[in-house]
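Shown next, in structure tokens, is the structure this report addresses.
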Amino acid sequence: MDLGEINPILLVASLMVAATPLLLAAIGELVVEKAGVLNLGVEGMMIVGAISGFAISVETGSPWLGFIAAAIGGAVLSLLFVLLTQFALANQVASGLALTLFGLGFSALMGQRYVGIKPPSMGDVHIPLLSDIPVIGPILFQHDPILYVGIAIIAAVWATLKYTRVGLILRAVGENHDAAHALGYKVIKIRIIAILFGGACAGLGGAYISLIRVPQWTEGMTAGVGWIALALVVFASWKPWRVLLGAYLFGGITVLQLNLQAAGVAIPVEYLAMSPYIITILVLVILSADKSRAPASLGRTFHASH
Amino acid sequence: MKFTTLMASAALALGLASGAMAQDKTKVGFVYVGPVGDGGWTYEHNKGRLAVEEEFGDKVETVFVESVPEGPDAERVMTQMALEGADLIFTTSFGYMDPTINVAKKFPNVKFEHATGYKTADNVSVYSARFYEGRAVQGHIAGNMTKSNIIGYIGSYPIPEVIRGINSAYVHAKKVNPDVEFKIVWAYTWFDPAKEADAAKVLIEQGADVILQHTDSTAPQAAAQEAGNVVTFGQASDMSEYAPFPRVSSIIDDWAPYYIARTQAVMDGTWESVNTWDGIREGMVGIGEISDAVPADVKEEALALKAAMAAGEYHPFTGPINKQDGSVWLAEGEVADDGTLAGMNFYVEGLEGDIPQ
């Protein structure tokens with residue numbers, strides 16, 4: 001055992017990378033759920049985003065276009081969910097599960113030609129001066145741009161929900177869609193926008209895995225991150241900064257436990273392997289003791305005639 | 001099930017309706033642990049399935065289900081296959097062992113073949129490949145190639161098959177490089193590209209410049225390629241898209257001849273429960289081309305090692321080898337027996353850390 005072999009700077013830097021796909025998918029789902037819609041299709045939208053982004057960036061040679069395509073791909077798939085739940089008034093849980101199954105299969109079909117190809121690299125941003133600061137520089141200022149985009153989205157969602165009229169309306173729709181409707185807000189329209197936003201974020205998260213974190217295309221490569229994102233939203237009590245905290249905690253412990261294993265720490269590997277799940281849940285459950293609760297209309301179908 | 005398979009079965013149903021010699025068809029089912037596009041383990045099993053189709057043409061029908069979790073779900077999938085009239089079912093991962101035995105009890109007329117396990121029954125065969133022979137070649141090359149003397153090893157689950165691989169690679173790396181050290185990370189998954197990439201990155205960050213993997217995806221190869229100066233080996237499949245560097249060689253599983261022979265046996269009515277464990281000699285384990293990134297003399301030695309194993313002259317576990325605790329496992333010149341190898345649950349001397357129990 002030699003803890004000295006773990007480089008804390010690299011550890012923190014790589015935990016931020018490991019957490020970003022989760023963070024992106026979870027913040028998208030948070031907005032969807034705040035609008036009163038439960039979309040269990042996160043995994044499906046992520047994987048479709050992963051292949052859309054991968055395919056476009058390979059074809060065009062531009063990772064930026066890839067990420068845009070990933071956001072569009074995720075949003076387009078979520079349109080299917082919109083059709084099913086907002087117009088056909090289908091059950092949201094069943095529709096979401098269907099979306100995941102469909103996304104996994106469809107992405108495998110789309111990705112047939114892209115197995116074993118290396119995508120163009122995005123490269124890291126080196127902010128002059130800031131990235132040269134010892135310790136803090138490598139941790140905070142030497143990442144790929146999408147990582148910062150993820151944090152910016154968290155901040156934007158938080159500010160929007162908390163301080164703006166748009167956020168207030170969105171929350172009203174999620175808390176009581178009948179009242180919001182009676183006040184003249186277009187419940188369906190607002191929810192559609194929220195679902196599309198959720199799809200775009202999930203798509204970005206998926207593409208982050210296929211373009212930056214791994215980087216390659218393999219079938220089923222999101223391997224359950226979408227489900228963890230769903231759980232994270234609940235444990236984070238629908239609060240954006242807690243999503244960030246939870247994602248970093250989860251990503252951090254995931255990376256840390258691998259580091260501890262490689263350094264030969266004498267903790268049984270089984271405990272290390274389960275630690276990200278347990279610690280993340282524990283911390284967020286303790287935090288959520290402040291009686292935060294789910295949006296009251298979450299998962300309920302809205303129709304103006306009801 | 002994939003869309004194409006569905007279409008195939010729909011087309012077959014039509015064929016059945018028209019009554020054209022469909023009852024003569026032998027139906028062979030495959031249960032996969034990952035997606036067929038994983039580029040590794042499942043990809044090679046699926047190549048075996050395609051070879052069966054190629055060999056027998058319309059005398060055979062194959063079906064497969066991919067990404068089946070190891071556990072109760074596997075039982076459901078196997079039962080469904082048996083109910084749909086499969087004559088022979090290949091279950092292609094270690095974790096399917098007990099489900100295979102359970103389902104086989106319920107369908108005595110269906111033949112089952114379980115990969116890499118050790119439980120047999122009247123209608124259950126087991127088959128596996130001596131991957132540890134390939135690991136010996138990898139260990140030899142790895143020990144020569146490492147400059148930091150740290151070799152990273154990504155393990156999946158602590159089962160005998162994986163432990164054999166670690167031991168074999170270590171013994172042969174140590175032989176050419178006494179200072180070599182293994183860092184082992186257990187990923188607890190066969191297939192999770194993001195996690196495999198993380199594991200590879202962690203090992204690289206901690207100084208490993210050679211990565212051996214016993215997981216199914218090509219993600220560690222991609223991580224090594226990004227790092228730039230790290231050597232890897234293809235696992236289960238050639239992974240030649242990462243050649244000549246970082247991937248300098250590979251272990252290739254070739255299941256096709258076995259699958260064809262077993263399907264033939266079912267057709268002929270000669271199928272019996274057997275325990276097959278073939279290696280380089282029989283061709284079940286192949287060594288992928290050793291690329292030019294490996295120095296010529298090392299390559300030559302590696303090929304000689306391979307030839308010696310193919311000829312049956314050399315066994316990767318030949319004494320003197322001690323167990324991790326220093327007790328004698330194999331005396332000078334003694335060769336490990338298959339029973340011990342099949343249940344191997346200990347590290348050899350020199351490896352650090354404990355095997356998770």
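Chain identifiers are assigned as A, B, and so on, following the order in which chains appear in the structure tokens; residues are numbered from 1 within each chain, and ligands are numbered from 1 in order of appearance.
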Checklist entry - Within 8 Å of chain A, which residues of chain B show up when using only C-alpha atoms, listed as a count of residues only? => result 31
Item to check | Residue neighbourhood Ile281 in chain A, 12 Å, only C-alpha atoms, exclusion window fewer than 3 positions, as a VMD selection string | outcome: chain A and resid 228 231 to 237 242 to 243 245 to 247 249 to 250 274 to 278 284 to 288
Next on the checklist: Need the shell around range 271-286 of chain B: protein/DNA/RNA residues with any atom at most 7 Å away, counting only C-alpha atoms. Skip same-chain ones fewer than 3 positions apart. Format as a VMD selection string?
Outcome noted: chain B and resid 121 to 131 133 to 134 251 to 255 265 to 266 309 to 311
Only C-alpha atoms, please: the residues just picked out, written as a PDB file, in the first residue's frame.
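So the final result, stored in again01.pdb, reads:
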ATOM      1  CA  ALA B 121     -24.866 -32.351 -16.600  1.00  0.00           C
ATOM      2  CA  ASP B 122     -26.137 -34.971 -19.040  1.00  0.00           C
ATOM      3  CA  ASN B 123     -27.261 -32.228 -21.377  1.00  0.00           C
ATOM      4  CA  VAL B 124     -24.765 -29.552 -20.357  1.00  0.00           C
ATOM      5  CA  SER B 125     -21.242 -29.368 -21.749  1.00  0.00           C
ATOM      6  CA  VAL B 126     -18.671 -26.826 -20.748  1.00  0.00           C
ATOM      7  CA  TYR B 127     -16.072 -25.342 -23.026  1.00  0.00           C
ATOM      8  CA  SER B 128     -13.362 -22.835 -22.538  1.00  0.00           C
ATOM      9  CA  ALA B 129     -10.092 -21.736 -24.008  1.00  0.00           C
ATOM     10  CA  ARG B 130      -6.691 -21.754 -22.355  1.00  0.00           C
ATOM     11  CA  PHE B 131      -6.429 -17.984 -22.430  1.00  0.00           C
ATOM     12  CA  GLU B 133      -1.376 -19.502 -22.782  1.00  0.00           C
ATOM     13  CA  GLY B 134      -1.999 -16.236 -24.583  1.00  0.00           C
ATOM     14  CA  ILE B 251      -5.381 -12.817 -27.668  1.00  0.00           C
ATOM     15  CA  ILE B 252      -8.011 -13.869 -30.167  1.00  0.00           C
ATOM     16  CA  ASP B 253     -10.713 -16.327 -29.196  1.00  0.00           C
ATOM     17  CA  ASP B 254     -11.737 -18.497 -32.123  1.00  0.00           C
ATOM     18  CA  TRP B 255     -14.978 -20.248 -31.270  1.00  0.00           C
ATOM     19  CA  ALA B 265     -22.942 -33.360 -33.417  1.00  0.00           C
ATOM     20  CA  VAL B 266     -26.500 -32.308 -32.605  1.00  0.00           C
ATOM     21  CA  MET B 309       3.022 -24.107 -26.341  1.00  0.00           C
ATOM     22  CA  ALA B 310       1.451 -25.091 -29.648  1.00  0.00           C
ATOM     23  CA  ALA B 311       3.756 -28.107 -29.842  1.00  0.00           C
TER      24      ALA B 311
END
Next on the checklist: Which residues are close to range 174-190 of chain A, i.e. within 12 Å by only C-alpha atoms, leaving aside same-chain residues fewer than 4 positions away? Reply as a ChimeraX atom specification.
Outcome noted: /A:30-38,82-83,85-89,161,166-170,194-197,238,293-306
For range 148-152 of chain B, work out the shell of residues within 7 Å, counting only C-alpha atoms and skipping chain neighbours fewer than 2 positions away, then give it as a tab-separated table (two decimals) with C-alpha atoms, in the first residue's frame.
chain	number	residue	atom	x	y	z
B	146	THR	CA	7.72	-1.66	-19.73
B	154	ILE	CA	-7.82	-4.40	-15.40
B	179	ASP	CA	11.74	-5.70	-11.20
B	180	VAL	CA	8.27	-5.79	-12.68
B	181	GLU	CA	5.29	-4.87	-10.51
B	182	PHE	CA	1.61	-5.51	-11.23
B	183	LYS	CA	-1.12	-3.07	-10.25
B	184	ILE	CA	-4.49	-4.79	-10.39
B	203	LEU	CA	-3.43	2.92	-13.80
B	207	GLY	CA	2.78	5.03	-13.50
B	208	ALA	CA	1.76	1.98	-15.52
B	209	ASP	CA	3.06	2.04	-19.09
B	210	VAL	CA	1.65	-1.33	-20.09
B	211	ILE	CA	-2.05	-2.12	-19.63
B	212	LEU	CA	-3.45	-5.63	-19.76
Next on the checklist: List as a list in words the protein and nucleic acid residues near Leu330 in chain B, meaning an atom at most 6 Å away when only C-alpha atoms are counted, but skip any in the same chain fewer than 6 places from it.
Outcome noted: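 Once the adjacent positions are removed, what remains is Gly319, Pro320 and Ile321 of chain B.
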Item to check | Residues near Ala155 in chain A, cut-off 9 Å, only C-alpha atoms, skip fewer than 4 positions along chain, as number ranges by chain | outcome: A: 150-151, 159-160, 240-241
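You will find CA of Ala55 in chain A at 25.0 Å from CA of Thr215 in chain B.
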Checklist outcome for this item: As a check of understanding: the span from CA of Ala115 in chain B to CA of Gly95 in chain B is 9.5 Å
Item to check | Test item, strand (DSSP E) assignment across range 16-150 of chain B, answer as a PyMOL selection string | outcome: chain B and resi 26-31+60-65+88-91+111-115+124-129+150
Checklist entry - Which of range 153-286 of chain B counts as alpha helix (DSSP H) under DSSP, as a PyMOL selection string please? => result chain B and resi 160-176+193-205+219-227+256-268
Item to check | Proximity to Ile146 in chain A - best of A:Ile27, A:Leu211, A:Leu282, A:Ile192, only C-alpha atoms | outcome: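 Of the candidates, the smallest distance to Ile146 in chain A is held by A:Leu211.
From CA of Met239 in chain B back to CA of Asp73 in chain B, the distance works out to 29.6 Å.
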